[in-house]
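This is coords_16.cif. It holds mmCIF, C-alpha atoms.
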data_run
loop_
_atom_site.label_atom_id
_atom_site.label_comp_id
_atom_site.auth_asym_id
_atom_site.auth_seq_id
_atom_site.Cartn_x
_atom_site.Cartn_y
_atom_site.Cartn_z
CA MET T 119 29.60 282.80 192.40
CA LEU T 120 30.71 279.33 193.43
CA VAL T 121 29.06 277.81 190.33
CA VAL T 122 30.80 280.27 188.04
CA SER T 123 34.23 279.47 189.54
CA PHE T 124 33.69 275.68 189.10
CA ALA T 125 32.68 276.11 185.48
CA ALA T 126 35.73 278.21 184.73
CA ALA T 127 38.01 275.60 186.27
CA LEU T 128 36.41 272.85 184.22
CA ILE T 129 36.83 274.77 180.97
CA ALA T 130 40.46 275.44 181.80
CA THR T 131 41.13 271.75 182.32
CA MET T 132 39.52 270.77 179.04
CA SER T 133 41.57 273.34 177.20
CA ILE T 134 44.92 271.72 178.02
CA PRO T 135 46.50 270.58 174.69
CA ALA T 136 46.63 266.83 174.06
CA PHE T 137 50.37 266.91 173.40
CA ALA T 138 50.91 268.18 176.90
CA VAL T 139 49.74 264.77 178.15
CA ASN T 140 50.78 262.43 175.30
CA ASP T 141 54.05 263.97 174.17
CA PRO T 142 56.71 261.21 174.55
CA SER T 143 59.44 263.81 174.76
CA GLY T 144 57.93 265.26 177.89
CA SER T 145 58.76 264.33 181.40
CA ASN T 146 56.48 261.31 181.16
CA GLY T 147 57.91 260.18 177.81
CA ALA T 148 59.39 257.03 179.32
CA ALA T 149 55.92 255.65 179.79
CA PHE T 150 55.46 255.71 176.04
CA GLU T 151 58.79 254.23 174.97
CA THR T 152 58.84 251.00 172.82
CA SER T 153 58.63 247.94 175.05
CA ALA T 154 61.19 245.12 174.94
CA ILE T 155 58.60 242.71 173.43
CA ASP T 156 57.61 245.21 170.75
CA GLY T 157 61.26 245.68 169.91
CA LEU T 158 61.76 241.97 169.46
CA LYS T 159 58.72 241.76 167.19
CA GLN T 160 59.95 244.62 165.02
CA ALA T 161 63.45 243.14 164.83
CA HIS T 162 62.09 239.72 163.71
CA ALA T 163 63.74 237.98 166.62
CA GLN T 164 62.02 234.74 165.65
CA SER T 165 64.11 234.35 162.47
CA LEU T 166 66.62 231.47 162.51
CA LEU T 167 70.04 231.90 160.94
CA VAL T 168 71.97 228.71 160.18
CA SER T 169 75.66 228.79 159.56
CA GLN T 170 76.80 227.71 156.10
CA SER T 171 79.22 225.31 157.78
CA VAL T 172 76.35 223.07 158.83
CA PRO T 173 76.04 220.25 156.24
CA ALA T 174 72.71 219.89 154.47
CA VAL T 175 70.88 216.65 155.19
CA ALA T 176 69.65 214.81 152.11
CA VAL T 177 66.04 213.70 152.39
CA SER T 178 65.45 210.27 150.89
CA ARG T 179 62.06 209.14 149.58
CA ASP T 180 61.01 205.54 149.30
CA MET T 181 60.01 204.61 145.77
CA VAL T 182 56.57 202.99 145.70
CA ALA T 183 55.47 201.07 142.60
CA ALA T 184 51.71 200.71 142.23
CA THR T 185 50.30 197.52 140.73
CA SER T 186 48.28 198.26 137.60
CA GLU T 187 44.66 197.21 137.20
CA ALA T 188 45.66 194.89 134.33
CA ASP T 189 48.22 193.14 136.55
CA LEU T 190 45.65 192.71 139.31
CA GLN T 191 43.16 191.20 136.87
CA ALA T 192 45.83 188.86 135.49
CA GLN T 193 46.70 187.73 139.02
CA LYS T 194 43.04 187.09 139.82
CA ALA T 195 42.58 185.16 136.57
CA ALA T 196 45.67 183.05 137.31
CA GLU T 197 44.43 182.29 140.82
CA ALA T 198 41.01 181.36 139.43
CA GLN T 199 42.62 179.05 136.87
CA ARG T 200 44.70 177.33 139.57
CA ALA T 201 41.56 176.83 141.65
CA LEU T 202 39.79 175.45 138.59
CA ASP T 203 42.64 173.05 137.88
CA ALA T 204 42.50 171.77 141.44
CA ALA T 205 38.73 171.34 141.29
CA ASN T 206 38.92 169.49 137.98
CA ALA T 207 41.63 167.19 139.33
CA ALA T 208 39.40 166.40 142.31
CA LYS T 209 36.46 165.68 140.01
CA ALA T 210 38.58 163.39 137.87
CA ALA T 211 39.80 161.51 140.93
CA GLN T 212 36.26 161.01 142.20
CA SER T 213 34.68 159.94 138.90
CA GLY T 214 37.58 158.03 137.41
CA VAL T 215 37.74 160.31 134.38
CA PHE T 216 40.97 159.90 132.42
CA SER T 217 42.10 157.09 134.70
CA ALA T 218 42.36 154.50 131.94
CA SER T 219 45.69 152.69 131.90
CA GLY T 220 48.21 153.07 129.08
CA ALA T 221 50.54 155.89 128.10
CA SER T 222 48.25 156.98 125.25
CA LEU T 223 45.46 157.69 127.76
CA SER T 224 47.44 159.68 130.29
CA ALA T 225 47.03 163.44 130.49
CA SER T 226 48.36 166.13 132.80
CA ALA T 227 46.00 167.99 135.11
CA ASP T 228 47.94 171.23 134.57
CA ALA T 229 46.19 173.55 132.11
CA ARG T 230 49.36 175.29 130.98
CA GLN T 231 51.19 172.04 130.29
CA LEU T 232 48.21 170.71 128.33
CA ALA T 233 48.01 173.92 126.31
CA GLN T 234 51.73 173.75 125.56
CA THR T 235 51.29 170.20 124.24
CA LEU T 236 48.47 171.36 122.00
CA MET T 237 50.40 174.39 120.75
CA ALA T 238 53.36 172.14 119.88
CA ALA T 239 50.95 169.99 117.84
CA TYR T 240 49.58 173.15 116.22
CA GLN T 241 53.08 174.14 115.15
CA ALA T 242 53.62 170.61 113.82
CA GLY T 243 50.37 170.73 111.85
CA THR T 244 48.63 167.90 113.69
CA PHE T 245 46.26 170.17 115.64
CA THR T 246 44.24 172.51 113.44
CA ASP T 247 41.25 174.84 113.63
CA TYR T 248 38.52 175.34 111.04
CA GLN T 249 37.78 178.85 112.27
CA PRO T 250 40.97 180.95 112.36
CA ALA T 251 42.30 182.06 115.75
CA VAL T 252 40.43 179.47 117.85
CA ILE T 253 43.74 177.86 118.78
CA THR T 254 46.04 180.88 118.80
CA ARG T 255 43.71 183.21 120.71
CA GLU T 256 42.17 180.70 123.11
CA ILE T 257 44.80 178.04 123.78
CA GLY T 258 47.95 180.05 122.97
CA PRO T 259 47.63 182.47 125.92
CA ILE T 260 47.08 179.57 128.36
CA ALA T 261 50.29 177.96 127.07
CA ASP T 262 52.06 181.26 127.80
CA GLY T 263 50.69 181.39 131.35
CA VAL T 264 48.26 184.22 130.57
CA TYR T 265 44.77 183.49 131.91
CA SER T 266 41.59 185.40 131.13
CA SER T 267 38.15 184.68 132.55
CA GLN T 268 36.59 185.60 129.20
CA CYS T 269 38.75 183.09 127.32
CA ALA T 270 39.01 180.36 129.96
CA ILE T 271 38.66 176.73 128.90
CA ASP T 272 37.79 173.92 131.29
CA THR T 273 40.96 171.91 131.95
CA ARG T 274 39.08 168.69 131.22
CA ILE T 275 38.39 169.89 127.65
CA LEU T 276 42.12 170.45 127.21
CA GLN T 277 42.70 166.94 128.55
CA ILE T 278 40.18 165.50 126.09
CA LEU T 279 41.93 167.26 123.21
CA VAL T 280 45.35 165.94 124.22
CA LEU T 281 44.04 162.40 124.72
CA THR T 282 42.20 162.47 121.37
CA LEU T 283 45.33 163.79 119.68
CA ASN T 284 47.37 160.97 121.21
CA GLN T 285 44.79 158.40 120.13
CA PHE T 286 44.23 159.48 116.51
CA GLY T 287 47.46 161.30 115.65
CA SER T 288 45.75 164.49 114.50
CA VAL T 289 42.71 166.53 115.53
CA GLY T 290 40.82 169.42 113.97
CA ILE T 291 38.35 171.63 115.84
CA SER T 292 36.04 174.51 114.94
CA ASP T 293 34.74 175.86 118.25
CA LEU T 294 35.74 176.18 121.90
CA ASN T 295 34.99 179.46 123.73
CA ARG T 296 32.68 181.71 121.71
CA PRO T 297 32.80 184.90 123.85
CA CYS T 298 36.60 184.85 123.57
CA LEU T 299 36.24 185.46 119.82
CA GLY T 300 33.37 187.91 120.21
CA SER T 301 30.58 185.46 119.32
CA SER T 302 27.31 185.25 121.26
CA GLU T 303 25.70 182.47 119.21
CA ASN T 304 23.31 180.45 121.41
CA CYS T 305 24.68 182.24 124.49
CA PRO T 306 24.29 181.89 127.38
CA ALA T 307 22.66 178.46 127.00
CA SER T 308 25.53 176.82 125.12
CA SER T 309 28.44 175.24 126.98
CA HIS T 310 30.64 177.09 124.46
CA CYS T 311 29.64 180.28 126.32
CA THR T 312 30.27 179.30 129.94
CA ALA T 313 33.22 180.55 131.96
CA PRO T 314 35.20 178.42 131.59
CA ALA T 315 33.98 176.94 128.30
CA ARG T 316 33.05 173.25 128.63
CA ALA T 317 32.53 172.26 124.98
CA VAL T 318 34.46 171.47 121.82
CA ASP T 319 33.43 170.84 118.22
CA PHE T 320 35.57 168.30 116.32
CA THR T 321 35.88 168.60 112.54
CA ASN T 322 38.44 165.89 111.79
CA ILE T 323 40.43 163.13 113.44
CA GLY T 324 43.31 161.16 112.01
CA GLY T 325 43.18 163.20 108.82
CA ARG T 326 39.50 162.36 108.17
CA THR T 327 36.70 164.92 108.08
CA ILE T 328 33.84 163.98 110.40
CA THR T 329 30.18 164.96 110.19
CA GLY T 330 28.70 163.30 113.26
CA ALA T 331 27.33 160.33 111.28
CA ASP T 332 30.33 158.83 109.44
CA SER T 333 32.48 155.97 110.69
CA GLY T 334 35.11 158.39 112.01
CA SER T 335 32.51 160.11 114.17
CA ILE T 336 31.28 156.76 115.53
CA GLN T 337 34.86 155.80 116.34
CA LEU T 338 35.42 159.14 118.10
CA LEU T 339 32.22 158.81 120.13
CA ARG T 340 33.15 155.35 121.37
CA PHE T 341 36.54 156.66 122.44
CA LEU T 342 35.11 159.71 124.21
CA ASP T 343 32.38 157.75 125.99
CA ALA T 344 35.05 155.80 127.89
CA LEU T 345 36.70 159.05 129.07
CA VAL T 346 34.13 161.70 129.89
CA PRO T 347 32.07 161.96 133.08
CA ALA T 348 28.43 160.91 133.16
CA GLY T 349 26.13 163.77 132.23
CA SER T 350 28.12 164.78 129.15
CA ASN T 351 26.37 165.51 125.85
CA VAL T 352 27.09 164.93 122.16
CA GLY T 353 25.32 166.33 119.14
CA GLN T 354 24.37 165.14 115.65
CA SER T 355 21.82 162.50 116.71
CA GLN T 356 19.57 163.29 113.71
CA CYS T 357 22.60 163.12 111.39
CA ARG T 358 23.19 159.55 112.46
CA SER T 359 19.52 158.67 112.15
CA SER T 360 19.37 160.11 108.64
CA ALA T 361 22.48 158.17 107.66
CA GLY T 362 21.04 154.94 109.06
CA THR T 363 23.65 154.69 111.79
CA SER T 364 23.30 154.69 115.56
CA ILE T 365 25.38 154.21 118.67
CA GLU T 366 24.58 153.41 122.28
CA LEU T 367 26.47 155.63 124.73
CA ARG T 368 26.87 155.21 128.49
CA ASN T 369 28.09 158.62 129.68
CA MET T 370 26.83 160.93 126.93
CA ALA T 371 23.28 161.96 126.03
CA GLN T 372 22.63 162.65 122.33
CA PHE T 373 20.85 165.65 120.79
CA ALA T 374 20.26 167.11 117.31
CA ASP T 375 22.88 169.46 115.83
CA SER T 376 24.20 170.49 112.42
CA CYS T 377 25.92 167.76 110.39
CA SER T 378 29.24 169.56 109.91
CA HIS T 379 31.14 168.48 113.01
CA GLN T 380 30.94 166.39 116.18
CA HIS T 381 29.93 168.37 119.27
CA LEU T 382 30.88 167.39 122.83
CA ASP T 383 30.20 169.13 126.12
CA ILE T 384 30.86 168.07 129.71
CA PRO T 385 28.96 168.86 132.92
CA LEU T 386 30.06 171.16 135.71
#
As structure tokens - that is how I would like this structure written.
Amino acid sequence: MLVVSFAAALIATMSIPAFAVNDPSGSNGAAFETSAIDGLKQAHAQSLLVSQSVPAVAVSRDMVAATSEADLQAQKAAEAQRALDAANAAKAAQSGVFSASGASLSASADARQLAQTLMAAYQAGTFTDYQPAVITREIGPIADGVYSSQCAIDTRILQILVLTLNQFGSVGISDLNRPCLGSSENCPASSHCTAPARAVDFTNIGGRTITGADSGSIQLLRFLDALVPAGSNVGQSQCRSSAGTSIELRNMAQFADSCSHQHLDIPL
């Protein structure tokens, strides 16, 4: 009997409707009312309202100008040229190159100034090139202060050109820096292909065409031998032998080359 009574009581308890316990409107409804925190969340209490009377603050941005890759390369080339000029000036001071007395044998050590002198002679018609664009594309940019490692010319070559121009009144050339004009002939062995280029081919001096064996070539070689550093080289030795001429040189070794010009290159 006791077991039956307990079971009946248990069933009665389980039969109580859920709303009798959870109904918020009941006597215990306060326990289920919305909390203060929940109310704030639902009301978006974290929103910030700013009065229209508050002035807007203008945000300024610093303008940053990036240096282009071309500008960086030009700066590097200019720095390299300045370093080269300084090195060449030091070499000249040590070896006595271009130290001969007399106004006609004085030359600047500044590449741009030398190039400007040559370009002025080009405009005047006293400095010419056999192959078009050798002067305008290789020396012209240097005169304008634009330096390129691909088209660089050793400052001493520019000095030689200016001194030869001063000595003979006019100079013609056919070759300086081959890679600058897209040529790879005899590269990389030739001094025309080095960076900077250390060679020049003369085609005429004083209005006379030279071949490496004629009297004008002999006169040019004697002049150059007194200027250039020891270890320099000149071509056309077989041209002179074939023509029955010869010359003894102190600072320049002689080698065979085509009989259409007078080649000169200088050491590092």
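Put simply, atom CA of Asn295 of chain T is 9.9 Å away from atom CA of Ile257 of chain T.
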Provide an axis-aligned box for all listed atoms of segment 271-275 of chain T, padding each side by 8 Å; report its centre and its edge lengths in Å to one decimal, as JSON.
{"center_x": 39.4, "center_y": 172.7, "center_z": 129.8, "size_x": 19.2, "size_y": 24.0, "size_z": 20.3}
TODO: Check the smallest atom-to-atom distance from each of T:Pro385, T:Ile323, T:Gln380, T:Ser360 to Ala348 of chain T using only C-alpha atoms, then report the winner.
DONE: T:Pro385
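Residues matched by the PyMOL selection byres ((chain T and resi 261) around 6) in this file: Arg230, Ala233, Gln234, Gly258, Pro259, Ile260, Asp262 and Gly263 of chain T.
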Export C-alpha atoms of the chosen residues as a PDB file, keeping the file's coordinate frame?
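Output file selection_25.pdb follows:
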ATOM      1  CA  ARG T 230      49.360 175.290 130.980  1.00  0.00           C
ATOM      2  CA  ALA T 233      48.010 173.920 126.310  1.00  0.00           C
ATOM      3  CA  GLN T 234      51.730 173.750 125.560  1.00  0.00           C
ATOM      4  CA  GLY T 258      47.950 180.050 122.970  1.00  0.00           C
ATOM      5  CA  PRO T 259      47.630 182.470 125.920  1.00  0.00           C
ATOM      6  CA  ILE T 260      47.080 179.570 128.360  1.00  0.00           C
ATOM      7  CA  ASP T 262      52.060 181.260 127.800  1.00  0.00           C
ATOM      8  CA  GLY T 263      50.690 181.390 131.350  1.00  0.00           C
TER       9      GLY T 263
END
TODO: Tell me which protein, DNA and RNA residues are within 9 Å of Leu276 of chain T, counting all atoms listed in the file, leaving out same-chain ones fewer than 2 positions away, and put them as an MDAnalysis selection string.
DONE: chainID T and resid 229 232:233 236 257 271:274 278:281
Open item on the list: Counting all atoms listed in the file, which residues have an atom no more than 12 Å from (39.5, 176.5, 111.2) in the file's coordinates? Please list them as a PyMOL selection string.
Closed with: chain T and resi 240+245-254+289-294+319-322+379
Task: Ile336 of chain T environment, 10 Å, all atoms listed in the file, sequence neighbours closer than 3 positions dropped, as a ChimeraX atom specification - done: /T:328-333,339-342,358,363-365,380
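Between atom CA of Ala196 of chain T and atom CA of Val264 of chain T the separation is 7.3 Å.
Here atom CA of Ala371 of chain T stands at a distance of 11.5 Å from atom CA of Val346 of chain T.
Minimum atom-to-atom distance to Ala225 of chain T, evaluated using all atoms listed in the file, belongs to T:Leu345 out of T:Ile384, T:Cys377, T:Leu345, T:Ala239.
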Open item on the list: Env of Asp375 of chain T: 8 Å cut, atoms = all atoms listed in the file, seq-sep filter 4 positions within chain, self excluded. Answer as a VMD selection string.
Closed with: chain T and resid 353 to 357 381
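If all atoms listed in the file are the atoms counted, then among T:Leu190, T:Leu338, T:Cys269, T:Ile275 the closest residue to Ala227 of chain T is T:Ile275.
Residue neighbourhood of Gln193 of chain T, excluding near-sequence residues (fewer than 6 positions): Glu187, Gln199, Val264, Tyr265 and Ser266 of chain T, at 10 Å, using all atoms listed in the file.
Comparing the minimum interatomic distances between Gly324 of chain T and each of T:Ala344, T:Leu283, T:Leu386, T:Ala361, counting only C-alpha atoms, we find that T:Leu283 sits nearest.
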